[in-house]
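Engineer: The structure under discussion is supplied below as structure tokens; questions concerning it will follow.
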Amino acid sequence: MNPERREFLNLLSAPGRLTATETAWKLGFEPDHIPILVGAGLLRPLGHPPAGAVKFFMTAEIEQKKADFKWMSRACEVIRLKWREKNERAAKRRLNASTR
């Protein structure tokens with residue numbers, strides 16, 4: 001485990017807002033999963049950040065989601081489906097490239 005991640009997860013009191021990376025650590029996901037969850041409407045950043053801006057998430061809301069079995073199941077399914085779709089597109093591109 002990344003030492004920075006270990007140190008963050010061992011804090012006695014987390015800050016009020018978390019970055020996308022810290023949010024991923026708290027939830028047990030990878031940082032690149034956070035934009036997928038935001039896009040699916042399963043996570044909401046604080047305020048109204050423009051595309052490409054740093055997004056922050058409310059710690060209390062993340063803690064609730066972490067303990068919610070239904071939410072966690074949906075989040076895992078959304079990520080699984082996203083990767084399946086991405087892999088299918090890549091396989092289709094490889095197939096099209098090999099038939100040329």
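All residue names refer to the structure tokens as shown: chains lettered A, B, ... in order, residues numbered from 1 in each chain, ligands numbered from 1 in order.
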Determine, counting only C-alpha atoms, which protein, DNA and RNA residues have an atom within 6 Å of an atom of segment 15-27 of chain A; residues of the same chain fewer than 5 positions away are not included. Present the result as a PyMOL selection string.
Structural biologist: chain A and resi 56-59+66
Engineer: For Gly41 of chain A, work out the shell of residues within 12 Å, counting only C-alpha atoms and skipping chain neighbours fewer than 4 positions away, then give it as a list of chain:residue names.
Structural biologist: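 Near Gly41 of chain A, the qualifying residues are A:Ile34, A:Pro35, A:Ile36, A:Leu37, A:Pro45, A:Trp71, A:Arg74, A:Ala75, A:Val78.
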Engineer: Using DSSP secondary structure from the backbone, list all strand (DSSP E or B) positions within chain A, as number ranges by chain.
Structural biologist: A: 17-19, 56-58
Engineer: Would you work out the distance separating atom CA of Pro31 of chain A from atom CA of Leu43 of chain A, expressed in Å to one decimal?
Structural biologist: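 The value is 13.0 Å.
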Engineer: Point out the residue among A:His33, A:Leu81, A:Ser13, A:Gly28 with the least atom-to-atom distance to Ala60 of chain A, counting only C-alpha atoms.
Structural biologist: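 Selected residue with least distance to Ala60 of chain A: A:Ser13.
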Engineer: What is the atom CA of Gln64 of chain A-atom CA of Glu77 of chain A distance in Å, reported with one decimal?
Structural biologist: 18.5 Å
Engineer: Quick one: of A:Glu85, A:Lys65, A:Met1, A:Glu30, who's nearest to Arg44 of chain A, counting only C-alpha atoms?
Structural biologist: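 Counting only C-alpha atoms, the residue closest to Arg44 of chain A is A:Lys65.
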Engineer: What are the DSSP helix (DSSP H, G or I) residues of chain A, as an NGL selection string?
Structural biologist: :A and (3-9 or 20-27 or 31-39 or 59-66 or 69-98)
